[in-house]
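Novice: Take this structure, written in structure tokens, and hold onto it; I'll ask about it next.
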Amino acid sequence: MSENRSRVLLFDGAMGTVLQNRGLASSLPAQLNIENEAAVYQTHRAYLSSGVDYITTNTFSINDLKLQGSGYSTEELITAGIKLARQAVADSRQPAKVVLDIGPLGQLLYPVGTLGFEEAYQLFAVQVKAGAQAQCDAILIETISDIYEAKAAVLAAREHSNLPVFCTMTFDKTGRSFSGTDIETMVTVLESLGVSVLGLNCSTGPQTMIKLVRDIASYSSMPILVQPNAGLPQYRNNLTRYDLEPLEYAEYAKQLVEAGASIIGGCCGTTPEYMTACRKVLTGVQPRTIKPKNYTAISSYAQTVTFGQEVKLIGERINPTGKTKLKQALKDNDLTYILKEAIAQQNEGADILDINLGLPGIDQIAWMKQAVYGIQTILDIPLQIDSANVQVLEQAARIYNGKPLINSVNGKAESMKKIFPIVKKYGACVLGLTLDEKGIPSTAEERLAIAQKIIDTAAAYHIPKKNILIDCLVLTASAQQQEVLETLKAVHLVKSRLGVKTVLGISNVSYGLPARDNLNKTFLAMALHAGLDAPILNTAKQEIIDTVAAFKVLSNEDVQAKKYIISYTNKQEHQLKTVKAHQQPLADIVLSGLKEEAIPSAQQALKTHTAEYIINNILIPTLDQVGLQYETEEIFLPQLIQSAETAKLALSLLQDHLQKSSTPKHNHKIILATVKGDIHDIGKNIVKIVLENYGFAIIDLGKDVPPEQVLSTAKDNNARLVGLSALMTTTISSMAETIKLLNEQLPDCQTMVGGAVLNEEYAKMINADYYAADALQAVAVARSVFDSKTF
């Protein structure tokens, strides 16, 4: 972004709030771009009069999915929206930029949901192309709660336009997005994908965002955009209002700038008056200087691994070379074997997993994508994508959720020409091997020269040095004994002279010799002392893990030996827990999310227990444990859903046995609906999945449901609990109306509400009986209403 950084820049505030205040609330506000041009135009002019530098088009809630049956196309509404914004700018005679506003699609992406990555990409591409054609000045991708959806949108924006791309995500007060992404991971992924500006919007008021902005600034080399809500929502006189006045909001905006923001705007509840106050308070305030951050990091969707702070272990076992069982699993299409290996390596201490599925005779592209999807559904560990096939690397990097490490490129001109465009496009880190057209050099200085060539060539592709790691290549002591020490010299030279991080495949050194473990652990200790950052190794070898743990103590990485003491004090306890876990295979499978093994494991459990016992004493306690892990951030949304779906498969089999044995089961019915005017139902759908797995019968009315339909369904089913969801502040009045109707005509039916715009206080204001912040709280509410802890 080549804007003036000597002052704070201003975005506009909410479009929907202004339109709602004018009595123009709609589930599809973008229709007003054609049906009521004057209202949209006047809103833009009002914001321009407040002194903003950017105005966003009235296009937030549109895409081909949401417009189905509306009679409008994405292209015509975007074109009309940009035309109105440009006309407003021209008439105001102000140098403001027109920004195409792109919001979330409203569906979860596969493998957590059903919408494919390429489908999401194409939906965003339609919007981007329409915006570019209509001559917007920049693109804002906002209110994104899933970093994977953000990736699809950013790729579409960068591949179908040359416009600056701004991307803001939503975070709760814990510093995590809805799908589990933390601040460091958001910055790592979005920066690597090439956005011009990143930041936060919606979710909370500016007070809560101050700490989050400080965190962003500690990681980001990009300008930071912050668009908070106008405080916390309140419901008064059938309208949603927020608790911060314009001047209060502006004073918080100043604190956000002091924390690191350089662009301020507004989200729900903000109006031109708020931006006028911000311009007044922020005049003369200079944003902080943005300092480049040069840390080397890769990430999954929820966890970032930074190299150089301490030794990071790369698990090597998902590689068919020399592994008969893995080869057979690939031939048998047995993904579960790979998933178990991934789980085992993470449990053993791996920080990153290398994934190499280079076996002749299989579809390596399909297998790599399947493995990446599968592992990322059950684990949050970052992956190293390893293949000699460029197409495999390209396809895996594209669908990977996070910032991967690509293994590998080398000093050959042909290799760099093929690999670097993939690294740049998908914002990956890449592992550079110190070999070229002449092979692997025998001396450390020659390997250093190849590493320098890789770094210099990468720079020509605008790949920063921080995204390159170097593998100085371990040769076998059995055949090239004199070159073992040259590898260690090369590691030291690369670290000291080039300032990049290093990786080595440790077990190569012992190939062809007896007592390999002895050689491996000794060479590992030598390599760590030489400056190795990330060994690729077999984490099942305890002597290897012990060597790394001891090195971290002796090198002062493990300060006060805290991790070492905990690890070795608790080792026996951990082993007992592991044995206990294996005594309950079904519980272990649900915790791990191994769907393919759910039914066989349930069948095995039925040999010794009744279906009712398994449900009440194994399945439901395990789901409770999953819930606890979710609440304590040991796992995140993908693992929560995967475990729930795994339990659902087992439950379906067990329910059949309950019916056959004539054992009565409860029929506690719960009605779920997204309220009238709201077309967002991701949260409701997740609540449905989890409640069903606790044995509750769910009647799902879908989205945009009128109050009368909720009432009639509740009457017909004698429902005792109705769950209502809303994402848009403009639809809270519909939620309140639905609750009022239920309270009047079905006083014994209780209501539970949830959604991004709600909180406990707000739920009380609209007379809801319960507020559920997430699916696990919804389970607690349902149990309370039905006085049920068992199936």
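Going through the structure tokens in order, the chains are called A, B, and so on, while each chain numbers its residues from 1 and the ligands are numbered from 1 in the order shown.
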List every residue of segment 131-350 of chain A that DSSP, applied to the backbone of this structure, places in alpha helix (DSSP H), and write the result as an MDAnalysis selection string.
Specialist: chainID A and resid 131:133 147:159 183:193 206:219 246:259 272:282 324:331 335:348
Novice: Using only C-alpha atoms, find each residue of segment 594-708 of chain A with at least one atom at most 12 Å away from an atom of segment 145-165 of chain A; report its shortest atom-to-atom pair and that distance in Å (one decimal), sort the rows by chain and rising residue number, and return the result as a tab-separated table.
Specialist:
residue	atom	partner	partner_atom	distance
A:Phe636	CA	A:Asp146	CA	11.6
A:Leu637	CA	A:Asp146	CA	10.0
A:Pro638	CA	A:Asp146	CA	10.7
A:Ile682	CA	A:Ser145	CA	10.8
A:Gly683	CA	A:Ser145	CA	11.3
Novice: Hey, what's within 6 Å of Ala534 of chain A if we count only C-alpha atoms and toss same-chain stuff fewer than 3 positions away? As a PDB file with C-alpha atoms, in the first residue's frame, please?
Specialist:
ATOM      1  CA  VAL A 311      14.902 -26.834  17.713  1.00  0.00           C
ATOM      2  CA  LYS A 312      11.857 -28.031  15.762  1.00  0.00           C
ATOM      3  CA  LEU A 313      11.382 -31.708  14.898  1.00  0.00           C
ATOM      4  CA  VAL A 503      17.234 -28.582   7.938  1.00  0.00           C
TER       5      VAL A 503
END
Novice: Which is closest to Leu727 of chain A among A:Gln127, A:Thr336, A:Thr674, A:Ser387, if we use only C-alpha atoms?
Specialist: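 Nearest candidate to Leu727 of chain A out of A:Gln127, A:Thr336, A:Thr674, A:Ser387: A:Thr674.
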Novice: For a test of reading the model, state the distance in Å between atom CA of Glu348 of chain A and atom CA of Ile314 of chain A, rounded to one decimal.
Specialist: 11.1 Å
Novice: Set the distance at 12 Å and use only C-alpha atoms: which residues neighbour Ile698 of chain A once local chain neighbours fewer than 5 positions away are removed? I'd like the list as a PyMOL selection string.
Specialist: chain A and resi 667-673+684-693+713-714+717+719-723+782
Novice: Selection from above, C-alpha atoms, as a PDB file, in the first residue's frame, can you write it?
Specialist:
ATOM      1  CA  ASN A 667     -36.997 -38.328  22.083  1.00  0.00           C
ATOM      2  CA  HIS A 668     -36.021 -34.862  23.215  1.00  0.00           C
ATOM      3  CA  LYS A 669     -36.853 -32.609  20.267  1.00  0.00           C
ATOM      4  CA  ILE A 670     -35.107 -29.305  19.706  1.00  0.00           C
ATOM      5  CA  ILE A 671     -36.052 -26.872  16.954  1.00  0.00           C
ATOM      6  CA  LEU A 672     -33.237 -24.873  15.362  1.00  0.00           C
ATOM      7  CA  ALA A 673     -33.634 -21.917  12.994  1.00  0.00           C
ATOM      8  CA  LYS A 684     -26.542 -23.247  13.612  1.00  0.00           C
ATOM      9  CA  ASN A 685     -25.362 -26.189  11.532  1.00  0.00           C
ATOM     10  CA  ILE A 686     -22.457 -26.868  13.884  1.00  0.00           C
ATOM     11  CA  VAL A 687     -24.788 -26.761  16.881  1.00  0.00           C
ATOM     12  CA  LYS A 688     -27.028 -29.261  15.097  1.00  0.00           C
ATOM     13  CA  ILE A 689     -24.184 -31.730  14.515  1.00  0.00           C
ATOM     14  CA  VAL A 690     -23.041 -31.662  18.131  1.00  0.00           C
ATOM     15  CA  LEU A 691     -26.534 -31.855  19.655  1.00  0.00           C
ATOM     16  CA  GLU A 692     -27.404 -34.843  17.468  1.00  0.00           C
ATOM     17  CA  ASN A 693     -24.350 -36.641  18.758  1.00  0.00           C
ATOM     18  CA  THR A 713     -43.393 -26.167  14.217  1.00  0.00           C
ATOM     19  CA  ALA A 714     -42.951 -25.863  17.978  1.00  0.00           C
ATOM     20  CA  ASN A 717     -43.911 -31.116  17.878  1.00  0.00           C
ATOM     21  CA  ALA A 719     -41.173 -28.692  21.601  1.00  0.00           C
ATOM     22  CA  ARG A 720     -39.653 -27.729  24.926  1.00  0.00           C
ATOM     23  CA  LEU A 721     -36.610 -25.957  23.471  1.00  0.00           C
ATOM     24  CA  VAL A 722     -36.125 -23.710  20.434  1.00  0.00           C
ATOM     25  CA  GLY A 723     -32.669 -22.535  19.346  1.00  0.00           C
ATOM     26  CA  ALA A 782     -30.249 -28.799  26.315  1.00  0.00           C
TER      27      ALA A 782
END
Novice: Output as JSON lines one row per residue of segment 157-245 of chain A within 10 Å of segment 416-436 of chain A: the closest atom pair and its distance in Å to one decimal place, counting only C-alpha atoms, sorted by chain and residue number ascending.
Specialist:
{"residue": "A:Arg158", "atom": "CA", "partner": "A:Lys425", "partner_atom": "CA", "distance": 9.1}
{"residue": "A:Glu159", "atom": "CA", "partner": "A:Lys425", "partner_atom": "CA", "distance": 9.1}
{"residue": "A:Thr188", "atom": "CA", "partner": "A:Gly427", "partner_atom": "CA", "distance": 9.2}
{"residue": "A:Val189", "atom": "CA", "partner": "A:Gly427", "partner_atom": "CA", "distance": 7.4}
{"residue": "A:Leu190", "atom": "CA", "partner": "A:Gly427", "partner_atom": "CA", "distance": 8.4}
{"residue": "A:Glu191", "atom": "CA", "partner": "A:Gly427", "partner_atom": "CA", "distance": 7.9}
{"residue": "A:Ser192", "atom": "CA", "partner": "A:Gly427", "partner_atom": "CA", "distance": 4.2}
{"residue": "A:Leu193", "atom": "CA", "partner": "A:Gly427", "partner_atom": "CA", "distance": 4.7}
{"residue": "A:Gly194", "atom": "CA", "partner": "A:Gly427", "partner_atom": "CA", "distance": 7.3}
Novice: Leaving out Val257 of chain A and any residue of its chain fewer than 2 positions from it, which residues lie within 10 Å of it when counting only C-alpha atoms, given as JSON, numbers by chain?
Specialist: {"A": [8, 210, 213, 214, 224, 225, 226, 252, 253, 254, 255, 259, 260, 261, 262, 263, 264, 282, 285, 286, 287, 288]}
Novice: Using only C-alpha atoms, which of A:Cys167, A:Ala138, A:Ile454, A:Ala371 sits nearest Asn410 of chain A?
Specialist: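 Using only C-alpha atoms, the shortest distance to Asn410 of chain A belongs to A:Ile454.
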Novice: Which is closer to Gly284 of chain A than all the others in A:Leu9, A:Ile470, A:Ile544, A:Cys268, using only C-alpha atoms?
Specialist: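 Checking each of A:Leu9, A:Ile470, A:Ile544, A:Cys268 against Gly284 of chain A, counting only C-alpha atoms, the winner is A:Leu9.
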